[in-house]
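Participant: Structure below; questions to follow.
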Amino acid sequence: MTDHIEHENDDLDEEDPRVQLLESLADGLATLSEASDTPNGVSPVSSMFSSVDVDFASGAWTNQLAEIQGWLNLSDDLPLTGGEPFLQALIAELELDPTDLLAPGTASPPLTIRALERLKERVDTACRLQADFLEELETKGTSRATATQSWADAWAEFDAREDAVSPEPVTAKAAVWPIFQLTKKPPNLTPSYQRGDVWRNGDRQSLMESILRGVPLPSIILLRTGSSTPHEVVDGKQRLTAILRFVGKHPVAKQKVAEVTARHRGKKFNEQGRLDDNGDRNLADLFSNDYPAFRRAWKALEGYALKAKHEDDYYFPFKLRTTGDGGLVGPYLEPLRGKYYTQIKGQEINVAGQQLTVESLFEDVVEYTIPVIEYTQATQAQIHEVFRLYNKQGVHLNAEEIRNAVYHEVELTRATLAAAGDADPNTDVAEIAESLAGIPGLSRLGVALKNYGFGDTRYKRTKVLAWVISVLVHDTAGKDLASTSRTIDQLLIAIQNKPSHPLAQSSTLTRLFSLLLQAVELHSSHDELWSGHFMDGGKGVKWQELQLVGTLVGMAMALALAASPQDIEDRIEAKGDVIRVASEESADWERPSKTQTKTQWDYIARICKSLLEHLDIDPSHAAEAVRQQFGSSGYASLQRMLIKPKS
């Protein structure tokens with residue numbers, strides 16, 4: 001087809017929209033050819049090329065696109081033959097119509113504007129994810145397997161296709177607020193989808209130093225819940241928590257001070273915070289005006305000195321750093337070092353070109369402001385769509401952060417968050433999800449996930465647990481499984497849209513999370529079964545996600561069918577050597593070289609099936625047991641993803 005092109009690149013009208021698209025594509029393809037390291041399963045480019053080497057007037061560009069196609073994470077390899085078969089395969093990969101492939105001689109290359117834009121979007125995303133991968137590998141020192149998984153997860157989020165949302169407009173406001181507007185009536189920092197306070201003291205101090213220097217902050221995203229109720233914090237909780245703690249206005253701190261003040265009603269203090277019948281200060285006064293004196297008064301009343309752990313638990317104020325490492329330098333800022341807010345309120349500083357006191361910066365209308373995006377009218381689906389589009393523009397909330405905001409009214413979402421150990425630790429799990437109230441030892445589930453190597457940043461444990469749940473119970477009714485993120489979302493949408501769904505019932509969820517706790521405990525207590533190849537860095541360091549999900553789902557299915565956990569213990573005792581050899585040597589347990597969605601599901605399906613069979617358990621019987629207990633089983637959907645060998 002490309003042999004009949006009539007137009008050269010130089011002959012295109014400069015105002016033709018194709019010109020900029022082709023220039024951008026050439027730059028992107030060249031960028032993708034430059035990387036010296038690649039994810040596992042992505043073949044290195046044989047020779048680097050520049051943008052001027054990309055010739056759209058001939059078929060040469062298809063060779064260069066084929067060279068870098070591994071970075072595009074396509075579902076199937078594009079044929080290396082070029083010509084029309086290559087273009088047809090490309091159109092199919094971009095999920096476009098055959099009409100997006102133009103007739104010979106129509107244009108160079110013979111693709112519609114829509115097809116070029118879709119290809120450019122994928123190439124642009126590939127360039128961004130390539131940079132993220134290389135940063136993890138080279139700058140952060142992450143292992144190649146972990147960096148590869150992060151890269152694959154990011155592609156899975158990109159490829160997740162959203163359900164159509166209401167075309168009605170979303171009502172939202174982008175504004176800038178002075179700090180006092182966020183502290184005078186604090187938003188709700190602990191909606192059910194929010195995790196606890198995960199910042200360390202150094203993070204909080206660094207933020208306050210940035211504000212005192214006038215450094216602009218990223219946007220905070222709020223959701224208005226009603227005219228008389230506080231906003232909910234969707235994104236920016238850690239920043240708001242730090243600000244409220246620093247100025248002594250965190251709701252938990254104020255409540256704690258009020259409780260202790262009421263318990264010691266009538267006790268008075270002098271200016272130094274010492275008990276004095278003639279004093280004119282109570283504990284609450286000292287907290288607001290002289291925190292060091294408040295600490296002395298606290299010790300006198302409560303019988304113990306406030307340590308850092310107490311202040312974190314109570315969300316009390318913290319000091320600025322004593323050194324200049326954070327940027328508090330110069331005649332205005334150096335006097336602030338090592339001080340609490342109450343000690344520096346009267347200090348004059350220069351922020352955003354304005355001379356003002358520290359107190360004015362935090363409690364008055366001033367030039368320094370924080371960007372705020374406030375959603376006022378939007379359905380949950382619309383908010384999800386807005387976040388997805390906003391993410392593509394650079395905010396980069398991950399799928400779990402969006403999901404926990406959008407589907408927080410679904411109890412399964414809240415229960416997964418709490419069971420994984422990612423919810424606010426100061427909130428009882430029963431308040432987050434009623435279904436978890438009667439499960440003894442539930443906290444061990446989150447601890448086990450942490451011991452697998454998944455920390456408490458950005459809901460990693462929640463993601464793994466939600467992945468296991470969706471594989472275990474989500475029946476796609478004959479359709480192929482989508483990306484991990486989309487599969488989890490589809491399950492939540494099904495529950496959200498059907499109040500009678502079994503997984504919308506608290507009693508069903510209690511049984512589900514009891515089973516998951518048993519599965520995780522049994523799985524983690526038999527680490528002798530699992531190959532060291534399943535972990536990054538060797539045995540017991542950090543589990544890779546695919547192997548963990550496959551083996552955990554298999555273990556949960558086995559337990560669903562078993563008369564008791566002891567039955568599975570006995571089977572492990574009898575078959576442990578066989579399972580260990582399989583995890584080390586079996587082709588079914590060998591991780592795929594490619595990290596595409598299809599190959600990942602194929603791998604999880606093979607591991608799950610193999611584990612059950614090695615335990616002498618019929619997978620179809622185990623799947624039926626899951627269906628009987630939870631209303632649906634995901635096993636048939638998972639096995640549908642097995643890749644049949646090419647003949």
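Convention: chains lettered A, B, ... in structure tokens order; per-chain residue numbering from 1; ligands numbered from 1 as shown.
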Please identify the strand (DSSP E) residues within stretch 244-362 of chain A (assignment by DSSP from backbone atoms) and present them as an MDAnalysis selection string.

Facilitator: chainID A and resid 348:351 354:357

Participant: Could you give me, as a PyMOL selection string, the residues within 8 Å of A:Leu491, counting only C-alpha atoms and dropping anything in the same chain fewer than 4 positions from it?

Facilitator: chain A and resi 470+474+487+495

Participant: Rounded to one decimal in Å, what is the spacing between atom CA of A:Tyr315 and atom CA of A:Trp199?

Facilitator: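 For atom CA of A:Tyr315 relative to atom CA of A:Trp199, the distance reads 12.1 Å.
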
Participant: Can you work out which one of A:Ser593, A:Ser47, A:Ser360, A:Ser506 has the shortest atom-to-atom distance to A:Pro178, counting only C-alpha atoms?

Facilitator: A:Ser360

Participant: Mind checking DSSP for stretch 193-293 of chain A and telling me the helix (DSSP H, G or I) residues as a PyMOL selection string?

Facilitator: chain A and resi 201-213+237-246+251-263+283-289+291-293

Participant: Report as number ranges by chain all protein, DNA and RNA residues lying within 10 Å of A:Ala625, evaluated on only C-alpha atoms, omitting residues in the same chain fewer than 6 positions from it.

Facilitator: A: 557-562, 619, 631-633

Participant: Go ahead and write the selection's residues with N, CA and C atoms as a compact mmCIF listing (two decimals), in the first residue's frame.

Facilitator:
```txt
# COMPACT_ATOMS: atom_id res chain seq x y z
N MET A 557 -9.90 -20.66 47.08
CA MET A 557 -10.85 -21.61 46.48
C MET A 557 -10.78 -22.96 47.18
N ALA A 558 -9.57 -23.40 47.51
CA ALA A 558 -9.42 -24.67 48.23
C ALA A 558 -10.14 -24.62 49.57
N LEU A 559 -9.98 -23.53 50.28
CA LEU A 559 -10.62 -23.39 51.59
C LEU A 559 -12.14 -23.30 51.47
N ALA A 560 -12.63 -22.69 50.38
CA ALA A 560 -14.08 -22.57 50.19
C ALA A 560 -14.73 -23.95 50.07
N LEU A 561 -13.99 -24.90 49.49
CA LEU A 561 -14.54 -26.25 49.31
C LEU A 561 -14.29 -27.14 50.52
N ALA A 562 -13.22 -26.87 51.25
CA ALA A 562 -12.80 -27.76 52.34
C ALA A 562 -13.78 -27.73 53.51
N PRO A 619 -10.95 -28.19 40.43
CA PRO A 619 -11.21 -26.74 40.36
C PRO A 619 -12.68 -26.41 40.13
N GLY A 631 -22.38 -16.04 45.75
CA GLY A 631 -23.28 -15.64 44.68
C GLY A 631 -22.69 -15.69 43.29
N SER A 632 -21.39 -15.74 43.19
CA SER A 632 -20.74 -15.82 41.88
C SER A 632 -19.31 -16.31 42.07
N SER A 633 -18.75 -16.83 40.97
CA SER A 633 -17.36 -17.28 40.98
C SER A 633 -16.67 -16.74 39.74
```

Participant: If you count only C-alpha atoms, which residues fall within 12 Å of A:Ser143, apart from same-chain ones fewer than 5 positions away, as an MDAnalysis selection string?

Facilitator: chainID A and resid 39:40 133:138 148:150 535:538 541:542 544

Participant: Just N, CA and C atoms for this one: save the residues we selected as a PDB file, in the first residue's frame.

Facilitator:
```
ATOM      1  N   PRO A  39      11.766  -2.902  30.154  1.00  0.00           N
ATOM      2  CA  PRO A  39      11.093  -3.820  31.082  1.00  0.00           C
ATOM      3  C   PRO A  39      11.289  -5.265  30.645  1.00  0.00           C
ATOM      4  N   ASN A  40      11.107  -6.168  31.577  1.00  0.00           N
ATOM      5  CA  ASN A  40      11.144  -7.589  31.237  1.00  0.00           C
ATOM      6  C   ASN A  40      10.107  -7.869  30.163  1.00  0.00           C
ATOM      7  N   PHE A 133       9.663   4.351  34.152  1.00  0.00           N
ATOM      8  CA  PHE A 133      10.363   3.072  34.325  1.00  0.00           C
ATOM      9  C   PHE A 133      11.855   3.302  34.544  1.00  0.00           C
ATOM     10  N   LEU A 134      12.465   4.140  33.720  1.00  0.00           N
ATOM     11  CA  LEU A 134      13.902   4.388  33.832  1.00  0.00           C
ATOM     12  C   LEU A 134      14.243   5.090  35.143  1.00  0.00           C
ATOM     13  N   GLU A 135      13.330   5.974  35.601  1.00  0.00           N
ATOM     14  CA  GLU A 135      13.574   6.653  36.883  1.00  0.00           C
ATOM     15  C   GLU A 135      13.552   5.648  38.028  1.00  0.00           C
ATOM     16  N   GLU A 136      12.572   4.738  37.998  1.00  0.00           N
ATOM     17  CA  GLU A 136      12.515   3.708  39.046  1.00  0.00           C
ATOM     18  C   GLU A 136      13.772   2.850  39.024  1.00  0.00           C
ATOM     19  N   LEU A 137      14.203   2.496  37.832  1.00  0.00           N
ATOM     20  CA  LEU A 137      15.317   1.572  37.684  1.00  0.00           C
ATOM     21  C   LEU A 137      16.651   2.229  38.028  1.00  0.00           C
ATOM     22  N   GLU A 138      16.850   3.444  37.524  1.00  0.00           N
ATOM     23  CA  GLU A 138      18.167   4.073  37.615  1.00  0.00           C
ATOM     24  C   GLU A 138      18.307   5.005  38.810  1.00  0.00           C
ATOM     25  N   THR A 148       9.165  -3.231  36.227  1.00  0.00           N
ATOM     26  CA  THR A 148       8.358  -3.772  35.126  1.00  0.00           C
ATOM     27  C   THR A 148       6.899  -3.873  35.526  1.00  0.00           C
ATOM     28  N   GLN A 149       6.638  -4.334  36.749  1.00  0.00           N
ATOM     29  CA  GLN A 149       5.262  -4.459  37.207  1.00  0.00           C
ATOM     30  C   GLN A 149       4.596  -3.091  37.300  1.00  0.00           C
ATOM     31  N   SER A 150       5.315  -2.093  37.790  1.00  0.00           N
ATOM     32  CA  SER A 150       4.763  -0.740  37.861  1.00  0.00           C
ATOM     33  C   SER A 150       4.439  -0.219  36.467  1.00  0.00           C
ATOM     34  N   MET A 535       9.721 -13.914  44.235  1.00  0.00           N
ATOM     35  CA  MET A 535      10.022 -12.701  44.996  1.00  0.00           C
ATOM     36  C   MET A 535      11.116 -11.888  44.316  1.00  0.00           C
ATOM     37  N   ASP A 536      11.022 -10.580  44.439  1.00  0.00           N
ATOM     38  CA  ASP A 536      12.097  -9.704  43.995  1.00  0.00           C
ATOM     39  C   ASP A 536      13.209  -9.760  45.029  1.00  0.00           C
ATOM     40  N   GLY A 537      14.411 -10.023  44.597  1.00  0.00           N
ATOM     41  CA  GLY A 537      15.537 -10.029  45.522  1.00  0.00           C
ATOM     42  C   GLY A 537      15.732 -11.336  46.250  1.00  0.00           C
ATOM     43  N   GLY A 538      14.969 -12.385  45.882  1.00  0.00           N
ATOM     44  CA  GLY A 538      15.179 -13.677  46.524  1.00  0.00           C
ATOM     45  C   GLY A 538      14.108 -14.012  47.535  1.00  0.00           C
ATOM     46  N   VAL A 541      11.708 -11.715  50.271  1.00  0.00           N
ATOM     47  CA  VAL A 541      11.985 -10.269  50.231  1.00  0.00           C
ATOM     48  C   VAL A 541      10.727  -9.504  49.868  1.00  0.00           C
ATOM     49  N   LYS A 542      10.247  -9.644  48.654  1.00  0.00           N
ATOM     50  CA  LYS A 542       9.001  -8.990  48.244  1.00  0.00           C
ATOM     51  C   LYS A 542       8.343  -9.830  47.163  1.00  0.00           C
ATOM     52  N   GLN A 544       6.202 -10.914  44.038  1.00  0.00           N
ATOM     53  CA  GLN A 544       5.700 -10.333  42.804  1.00  0.00           C
ATOM     54  C   GLN A 544       4.190 -10.551  42.754  1.00  0.00           C
TER      55      GLN A 544
END
```

Participant: What's around A:Gly346 at 9 Å? Count only C-alpha atoms, leave out sequence neighbours fewer than 4 positions away in its own chain, and write the answer as JSON, numbers by chain.

Facilitator: {"A": [342, 357, 358, 359, 360]}

Participant: If I take atom CA of A:Gln547 and atom CA of A:Ile488, how far is one from the other in Å, to one decimal?

Facilitator: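 Rounded to one decimal, the two atoms are 18.0 Å apart.
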